[in-house]
Structures are given as structure tokens and as C-alpha cells.
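K.L.:
Have a look at this one before I ask anything.
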Amino acid sequence: NFKAYLVGEPLINTNGDSEIQQSEATAFNGTISCYYMNISDLTGIENFTALTTLFCYENQLTSLDVSQNTALTTLFCDFNQLTSLDVSGATDLYFLQCQSNQLTSLDVRTNTALQYLYCYSNQLTSLDVRNGNNVNFAYFNATVNPNLSCISVDDSSWSTANWTNIDPQHYFSNNCSGTTDIKEHPKNKSLLKITDLLGREVNEKQNTLLFYIYNDGTVEKKIIIE
């Protein structure tokens with residue numbers, strides 16, 4: 001299905017034959033719009049190294065690797081069944097919509113131009129947004145990721161104050177996988193609420209993992225053993 005789309009595009013298939021030559025792929029610097037086409041495999045996309053925009057949403061994709069598409073600025077791959085997404089080489093990526101998939105991890109650290117990130121409605125357990133450009137983000141949404149707790153960001157205090165499209169159990173850290181961001185918090189902080197793993201507000205109880213959310217943006221995970 002993907003090949004049929006490419007062959008049918010005269011701006012891509014410039015010689016009008018039944019194949020896409022390597023030279024045709026590398027020369028193309030426009031937009032590929034292959035959405036709603038029942039595509040399950042985008043093999044060959046890696047040859048479009050000058051591609052700037054890719055619309056492949058509403059298909060049957062389970063994995064997508066655009067690490068070779070170094071000129072890519074816009075990617076809409078939402079409403080697929082993606083379990084893996086590699087955008088590591090797309091350093092010019094500005095706009096990423098990957099919501100409504102089955103992603104368990106997403107790393108956009110190398111996407112230093114990124115300003116729009118839609119990654120809601122996935123199965124994320126790991127989200128790393130430390131791209132050095134968080135303060136220039138125009139939109140960030142990580143809601144409906146019930147298995148996610150910690151989100152790695154450039155500045156946890158800034159993200160806590162500015163990024164509100166998160167689940168109740170989500171919190172920001174400068175390094176979720178390490179301890180380099182440990183710092184002393186003010187002693188006059190006050191408890192805002194206690195939630196369970198699903199983000200539901202609860203009273204303090206024993207033998208259950210709970211999240212204690214404070215007014216300074218910090219979150220403590222506690223298990224009170226009976």
C-alpha cells in the first residue's frame with residue numbers, strides 16, 4: 001500500500017515507472033501524505049532523507065523509524081498501533097503527534113527544535129523530553145498514560161508550573177532514571193492531596209503505593225507498611 005501511494009505520486013515518481021529509484025527518494029524534499037491507506041509497513045521511508053513532512057496517521061503501523069529522515073520537521077503518526085517510534089535522527093523535528101498508539105517509551109532528547117508534542121493516550125512508562133528547548137514549547141500533552149509516573153524534563157520546576165496536560169500521578173524530574181536532581185525542598189511545603197496509582201484521590205491507607213503531592217510541585221511515593 002505504501003509503495004502504491006509513492007508510485008502514484010508524480011512529484012515522487014518523477015520518471016513515471018512502476019518503481020521508486022533511490023535517486024527519486026533522496027531528491028524529494030516535500031510532504032508525504034499517506035494517511036487512511038491501511039498501511040502496515042513504511043519500509044523505504046528511510047531513503048527519503050530530505051523529506052520535511054510525513055502524515056501517516058490512521059493506518060496499521062506497529063513500528064516507525066524516522067531516524068534517517070534528518071530534514072523532517074513535522075510528523076503525524078497518531079491513531080496507529082505503534083509500539084516503537086524512533087525519532088532520534090530527526091534533529092529538525094518541530095511538531096510531533098504520536099497520540100493514540102501503544103507506545104511504552106518515547107525519547108525526544110535529540111529533537112532540539114521540538115515545540116509541539118502530543119503523546120497522550122499511549123501506554124508510556126518512560127518519557128524523556130530533555131531536549132534543551134522545553135521553555136520554547138508551545139504545546140505539551142501526556143495525559144491518559146496510566147502507567148507513567150515520572151517525566152524527565154529540562155527543569156522540573158519550570159515544567160511543573162507550565163505543563164498542566166498531565167495525569168494526576170505524573171510528576172516532573174530532571175532525571176527520572178537517576179538521582180542527579182536530588183535537592184533540598186522547602187520545609188514549609190504543604191500537602192495538596194494523596195492519590196493512588198490510577199490518579200484517584202484517596203485517604204492515607206496501609207500496604208498500598210500512594211503519591212503525596214505537595215504545593216511546591218514535589219511528589220513523594222510512599223508505602224506505609226502495617
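Order determines the names: the first chain of the C-alpha cells is A, the second B, and so forth; residues in each chain are numbered 1 upward, and ligands are numbered 1 upward as they are shown.
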Report as a PyMOL selection string all protein, DNA and RNA residues lying within 7 Å of Val144 of chain A, evaluated on only C-alpha atoms, omitting residues in the same chain fewer than 5 positions from it.
P.N.:
chain A and resi 120-122+167
K.L.:
How about saving the chosen residues, N, CA, C and O atoms kept, as a compact mmCIF listing (two decimals), in the first residue's frame?
P.N.:
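Contents of part_15.txt, freshly written:
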# COMPACT_ATOMS: atom_id res chain seq x y z
N TYR A 120 -0.37 11.80 24.18
CA TYR A 120 -1.39 11.28 25.07
C TYR A 120 -2.00 9.99 24.52
O TYR A 120 -1.81 9.62 23.36
N SER A 121 -2.70 9.28 25.38
CA SER A 121 -3.39 8.03 25.02
C SER A 121 -2.42 7.00 24.45
O SER A 121 -2.59 6.48 23.35
N ASN A 122 -1.40 6.71 25.24
CA ASN A 122 -0.47 5.64 24.93
C ASN A 122 -0.34 4.74 26.16
O ASN A 122 -1.18 4.79 27.07
N ASP A 167 -1.45 13.55 33.75
CA ASP A 167 -2.32 12.80 34.65
C ASP A 167 -1.98 13.13 36.10
O ASP A 167 -0.88 13.60 36.40
K.L.:
Compile the contact shell of Asn47 of chain A as a list of chain:residue names: residues with an atom at most 7 Å away, counting only C-alpha atoms, same-chain residues fewer than 5 positions apart removed.
P.N.:
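Answer for this query is A:Gln22, A:Ala25, A:Thr26.
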K.L.:
Considering only C-alpha atoms, return as a PDB file with N, CA, C and O atoms, in the first residue's frame whatever protein or nucleic-acid residues lie within 12 Å of Leu117 of chain A, sequence-local ones (same chain, fewer than 3 positions apart) excluded.
P.N.:
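Ended up saving to out_20.pdb:
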ATOM      1  N   THR A  74       7.917  17.879  10.601  1.00  0.00           N
ATOM      2  CA  THR A  74       6.552  17.615  11.060  1.00  0.00           C
ATOM      3  C   THR A  74       6.219  16.145  10.870  1.00  0.00           C
ATOM      4  O   THR A  74       6.406  15.603   9.772  1.00  0.00           O
ATOM      5  N   LEU A  75       5.721  15.507  11.948  1.00  0.00           N
ATOM      6  CA  LEU A  75       5.349  14.098  11.884  1.00  0.00           C
ATOM      7  C   LEU A  75       4.013  13.883  12.581  1.00  0.00           C
ATOM      8  O   LEU A  75       3.874  14.168  13.769  1.00  0.00           O
ATOM      9  N   PHE A  76       3.041  13.393  11.821  1.00  0.00           N
ATOM     10  CA  PHE A  76       1.745  12.982  12.357  1.00  0.00           C
ATOM     11  C   PHE A  76       1.635  11.473  12.168  1.00  0.00           C
ATOM     12  O   PHE A  76       1.383  11.001  11.056  1.00  0.00           O
ATOM     13  N   CYS A  77       1.831  10.709  13.236  1.00  0.00           N
ATOM     14  CA  CYS A  77       1.736   9.253  13.166  1.00  0.00           C
ATOM     15  C   CYS A  77       0.721   8.731  14.178  1.00  0.00           C
ATOM     16  O   CYS A  77       0.796   7.585  14.632  1.00  0.00           O
ATOM     17  N   ASP A  78      -0.219   9.561  14.560  1.00  0.00           N
ATOM     18  CA  ASP A  78      -1.222   9.207  15.556  1.00  0.00           C
ATOM     19  C   ASP A  78      -2.240   8.213  14.987  1.00  0.00           C
ATOM     20  O   ASP A  78      -2.356   8.023  13.787  1.00  0.00           O
ATOM     21  N   LEU A  93      13.036  18.161  13.911  1.00  0.00           N
ATOM     22  CA  LEU A  93      11.623  17.910  14.187  1.00  0.00           C
ATOM     23  C   LEU A  93      11.044  18.986  15.095  1.00  0.00           C
ATOM     24  O   LEU A  93      11.548  19.241  16.181  1.00  0.00           O
ATOM     25  N   TYR A  94       9.957  19.597  14.637  1.00  0.00           N
ATOM     26  CA  TYR A  94       9.334  20.733  15.307  1.00  0.00           C
ATOM     27  C   TYR A  94       7.966  20.362  15.879  1.00  0.00           C
ATOM     28  O   TYR A  94       7.562  20.865  16.924  1.00  0.00           O
ATOM     29  N   PHE A  95       7.264  19.473  15.185  1.00  0.00           N
ATOM     30  CA  PHE A  95       5.878  19.142  15.533  1.00  0.00           C
ATOM     31  C   PHE A  95       5.730  17.627  15.504  1.00  0.00           C
ATOM     32  O   PHE A  95       5.921  17.003  14.463  1.00  0.00           O
ATOM     33  N   LEU A  96       5.369  17.014  16.643  1.00  0.00           N
ATOM     34  CA  LEU A  96       5.208  15.564  16.723  1.00  0.00           C
ATOM     35  C   LEU A  96       3.865  15.208  17.328  1.00  0.00           C
ATOM     36  O   LEU A  96       3.582  15.547  18.482  1.00  0.00           O
ATOM     37  N   GLN A  97       3.041  14.525  16.546  1.00  0.00           N
ATOM     38  CA  GLN A  97       1.787  13.966  17.038  1.00  0.00           C
ATOM     39  C   GLN A  97       1.892  12.445  16.965  1.00  0.00           C
ATOM     40  O   GLN A  97       1.894  11.869  15.877  1.00  0.00           O
ATOM     41  N   CYS A  98       1.967  11.813  18.128  1.00  0.00           N
ATOM     42  CA  CYS A  98       2.058  10.353  18.181  1.00  0.00           C
ATOM     43  C   CYS A  98       1.044   9.791  19.175  1.00  0.00           C
ATOM     44  O   CYS A  98       1.222   8.697  19.707  1.00  0.00           O
ATOM     45  N   GLN A  99      -0.015  10.534  19.430  1.00  0.00           N
ATOM     46  CA  GLN A  99      -1.021  10.089  20.378  1.00  0.00           C
ATOM     47  C   GLN A  99      -1.843   8.922  19.833  1.00  0.00           C
ATOM     48  O   GLN A  99      -1.823   8.627  18.641  1.00  0.00           O
ATOM     49  N   LEU A 106       9.170   6.860  24.963  1.00  0.00           N
ATOM     50  CA  LEU A 106       9.380   7.912  23.964  1.00  0.00           C
ATOM     51  C   LEU A 106      10.537   8.785  24.425  1.00  0.00           C
ATOM     52  O   LEU A 106      10.543   9.280  25.552  1.00  0.00           O
ATOM     53  N   ASP A 107      11.513   8.959  23.543  1.00  0.00           N
ATOM     54  CA  ASP A 107      12.715   9.737  23.845  1.00  0.00           C
ATOM     55  C   ASP A 107      12.892  10.799  22.767  1.00  0.00           C
ATOM     56  O   ASP A 107      13.103  10.480  21.597  1.00  0.00           O
ATOM     57  N   VAL A 108      12.787  12.070  23.141  1.00  0.00           N
ATOM     58  CA  VAL A 108      12.937  13.173  22.177  1.00  0.00           C
ATOM     59  C   VAL A 108      14.114  14.071  22.547  1.00  0.00           C
ATOM     60  O   VAL A 108      14.151  15.246  22.185  1.00  0.00           O
ATOM     61  N   ASN A 111      15.826  15.830  19.667  1.00  0.00           N
ATOM     62  CA  ASN A 111      14.964  16.700  18.840  1.00  0.00           C
ATOM     63  C   ASN A 111      14.959  18.101  19.433  1.00  0.00           C
ATOM     64  O   ASN A 111      13.977  18.559  20.021  1.00  0.00           O
ATOM     65  N   ALA A 113      14.746  21.014  18.278  1.00  0.00           N
ATOM     66  CA  ALA A 113      13.862  22.053  17.731  1.00  0.00           C
ATOM     67  C   ALA A 113      12.399  21.820  18.116  1.00  0.00           C
ATOM     68  O   ALA A 113      11.541  22.658  17.809  1.00  0.00           O
ATOM     69  N   LEU A 114      12.123  20.724  18.791  1.00  0.00           N
ATOM     70  CA  LEU A 114      10.734  20.341  19.084  1.00  0.00           C
ATOM     71  C   LEU A 114      10.022  21.377  19.949  1.00  0.00           C
ATOM     72  O   LEU A 114      10.552  21.829  20.964  1.00  0.00           O
ATOM     73  N   TYR A 120      -0.366  11.802  24.177  1.00  0.00           N
ATOM     74  CA  TYR A 120      -1.393  11.280  25.072  1.00  0.00           C
ATOM     75  C   TYR A 120      -2.002   9.989  24.520  1.00  0.00           C
ATOM     76  O   TYR A 120      -1.808   9.617  23.361  1.00  0.00           O
ATOM     77  N   LEU A 127       9.173   8.536  29.547  1.00  0.00           N
ATOM     78  CA  LEU A 127       9.060   9.702  28.672  1.00  0.00           C
ATOM     79  C   LEU A 127      10.190  10.670  29.001  1.00  0.00           C
ATOM     80  O   LEU A 127      10.270  11.180  30.118  1.00  0.00           O
ATOM     81  N   ASP A 128      11.067  10.891  28.025  1.00  0.00           N
ATOM     82  CA  ASP A 128      12.231  11.762  28.227  1.00  0.00           C
ATOM     83  C   ASP A 128      12.152  12.933  27.257  1.00  0.00           C
ATOM     84  O   ASP A 128      12.272  12.763  26.049  1.00  0.00           O
ATOM     85  N   VAL A 129      11.927  14.131  27.812  1.00  0.00           N
ATOM     86  CA  VAL A 129      11.737  15.334  26.993  1.00  0.00           C
ATOM     87  C   VAL A 129      12.888  16.322  27.213  1.00  0.00           C
ATOM     88  O   VAL A 129      12.755  17.510  26.958  1.00  0.00           O
ATOM     89  N   ASN A 131      15.285  17.969  25.879  1.00  0.00           N
ATOM     90  CA  ASN A 131      15.883  18.364  24.600  1.00  0.00           C
ATOM     91  C   ASN A 131      16.543  19.740  24.644  1.00  0.00           C
ATOM     92  O   ASN A 131      16.976  20.256  23.621  1.00  0.00           O
ATOM     93  N   ASN A 134      12.727  23.001  26.266  1.00  0.00           N
ATOM     94  CA  ASN A 134      11.413  22.940  26.913  1.00  0.00           C
ATOM     95  C   ASN A 134      10.766  24.304  27.085  1.00  0.00           C
ATOM     96  O   ASN A 134       9.538  24.442  26.946  1.00  0.00           O
ATOM     97  N   ASN A 136      10.640  26.711  25.208  1.00  0.00           N
ATOM     98  CA  ASN A 136      10.055  27.220  23.969  1.00  0.00           C
ATOM     99  C   ASN A 136       8.889  26.381  23.476  1.00  0.00           C
ATOM    100  O   ASN A 136       8.351  26.646  22.392  1.00  0.00           O
ATOM    101  N   PHE A 137       8.491  25.373  24.251  1.00  0.00           N
ATOM    102  CA  PHE A 137       7.365  24.546  23.851  1.00  0.00           C
ATOM    103  C   PHE A 137       6.089  25.378  23.790  1.00  0.00           C
ATOM    104  O   PHE A 137       5.798  26.160  24.697  1.00  0.00           O
ATOM    105  N   ALA A 138       5.334  25.178  22.718  1.00  0.00           N
ATOM    106  CA  ALA A 138       4.030  25.827  22.583  1.00  0.00           C
ATOM    107  C   ALA A 138       2.910  24.915  23.056  1.00  0.00           C
ATOM    108  O   ALA A 138       1.841  25.395  23.436  1.00  0.00           O
ATOM    109  N   TYR A 139       3.158  23.585  23.036  1.00  0.00           N
ATOM    110  CA  TYR A 139       2.112  22.656  23.469  1.00  0.00           C
ATOM    111  C   TYR A 139       2.748  21.344  23.906  1.00  0.00           C
ATOM    112  O   TYR A 139       3.640  20.812  23.245  1.00  0.00           O
ATOM    113  N   PHE A 140       2.236  20.817  25.036  1.00  0.00           N
ATOM    114  CA  PHE A 140       2.691  19.531  25.573  1.00  0.00           C
ATOM    115  C   PHE A 140       1.499  18.827  26.198  1.00  0.00           C
ATOM    116  O   PHE A 140       0.787  19.410  27.015  1.00  0.00           O
ATOM    117  N   ASN A 141       1.262  17.571  25.790  1.00  0.00           N
ATOM    118  CA  ASN A 141       0.148  16.817  26.356  1.00  0.00           C
ATOM    119  C   ASN A 141       0.553  15.359  26.497  1.00  0.00           C
ATOM    120  O   ASN A 141       0.829  14.678  25.505  1.00  0.00           O
ATOM    121  N   ALA A 142       0.593  14.879  27.749  1.00  0.00           N
ATOM    122  CA  ALA A 142       0.962  13.490  28.041  1.00  0.00           C
ATOM    123  C   ALA A 142      -0.136  12.772  28.823  1.00  0.00           C
ATOM    124  O   ALA A 142       0.130  11.775  29.494  1.00  0.00           O
ATOM    125  N   THR A 143      -1.354  13.271  28.751  1.00  0.00           N
ATOM    126  CA  THR A 143      -2.445  12.674  29.522  1.00  0.00           C
ATOM    127  C   THR A 143      -2.794  11.274  29.005  1.00  0.00           C
ATOM    128  O   THR A 143      -2.383  10.863  27.921  1.00  0.00           O
ATOM    129  N   TRP A 163       3.424  23.101  32.375  1.00  0.00           N
ATOM    130  CA  TRP A 163       2.819  21.993  31.645  1.00  0.00           C
ATOM    131  C   TRP A 163       1.761  21.333  32.521  1.00  0.00           C
ATOM    132  O   TRP A 163       2.082  20.610  33.469  1.00  0.00           O
ATOM    133  N   ASN A 165      -1.051  19.577  31.150  1.00  0.00           N
ATOM    134  CA  ASN A 165      -1.746  18.469  30.485  1.00  0.00           C
ATOM    135  C   ASN A 165      -1.067  17.138  30.816  1.00  0.00           C
ATOM    136  O   ASN A 165      -0.440  16.490  29.970  1.00  0.00           O
TER     137      ASN A 165
END
K.L.:
Give me every strand (DSSP E or B) residue in segment 7-176 of chain A, going by DSSP on the backbone, as a VMD selection string.
P.N.:
chain A and resid 31 to 33 53 to 55 63 to 65 74 to 76 84 to 86 95 to 97 105 to 107 116 to 118 126 to 128 139 to 141 150 to 152 171 to 173
K.L.:
Please measure the separation of atom CA of Asn215 of chain A and atom CA of Glu201 of chain A, giving the value in Å to one decimal.
P.N.:
15.3 Å
K.L.:
Give me the residues near segment 40-44 of chain A as a ChimeraX atom specification, where near means some atom within 6 Å (using only C-alpha atoms) and where sequence neighbours in that chain fewer than 2 positions away do not count.
P.N.:
/A:46-47,60-61
K.L.:
Store the residues of this selection in a file with N, CA and C atoms, as a compact mmCIF listing (two decimals), in the first residue's frame.
P.N.:
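What landed in again25.txt:
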# COMPACT_ATOMS: atom_id res chain seq x y z
N GLU A 46 13.14 5.48 5.05
CA GLU A 46 14.48 5.90 5.46
C GLU A 46 15.28 6.49 4.30
N ASN A 47 14.89 6.18 3.06
CA ASN A 47 15.61 6.70 1.90
C ASN A 47 15.22 8.14 1.56
N GLN A 60 -2.14 1.16 10.00
CA GLN A 60 -1.97 -0.04 10.80
C GLN A 60 -0.51 -0.25 11.20
N LEU A 61 0.21 0.84 11.37
CA LEU A 61 1.64 0.75 11.68
C LEU A 61 1.87 0.27 13.11
K.L.:
Based on the backbone DSSP call, show me all residues of segment 17-224 of chain A assigned alpha helix (DSSP H), as a PyMOL selection string.
P.N.:
chain A and resi 22-27+156-162
K.L.:
Can you measure atom CA of Ile39 of chain A to atom CA of Phe2 of chain A for me? One decimal in Å is fine.
P.N.:
6.1 Å
K.L.:
Quick one: residues within 9 Å of Thr49 of chain A, only C-alpha atoms counted, chain neighbours fewer than 6 positions away excluded, as a count of residues only?
P.N.:
10
K.L.:
Name the closest residue to Gly89 of chain A among the candidates A:Val153, A:Leu209, A:Val66, A:Leu11; distances are taken between atoms, counting only C-alpha atoms.
P.N.:
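Counting only C-alpha atoms, the residue closest to Gly89 of chain A is A:Val66.
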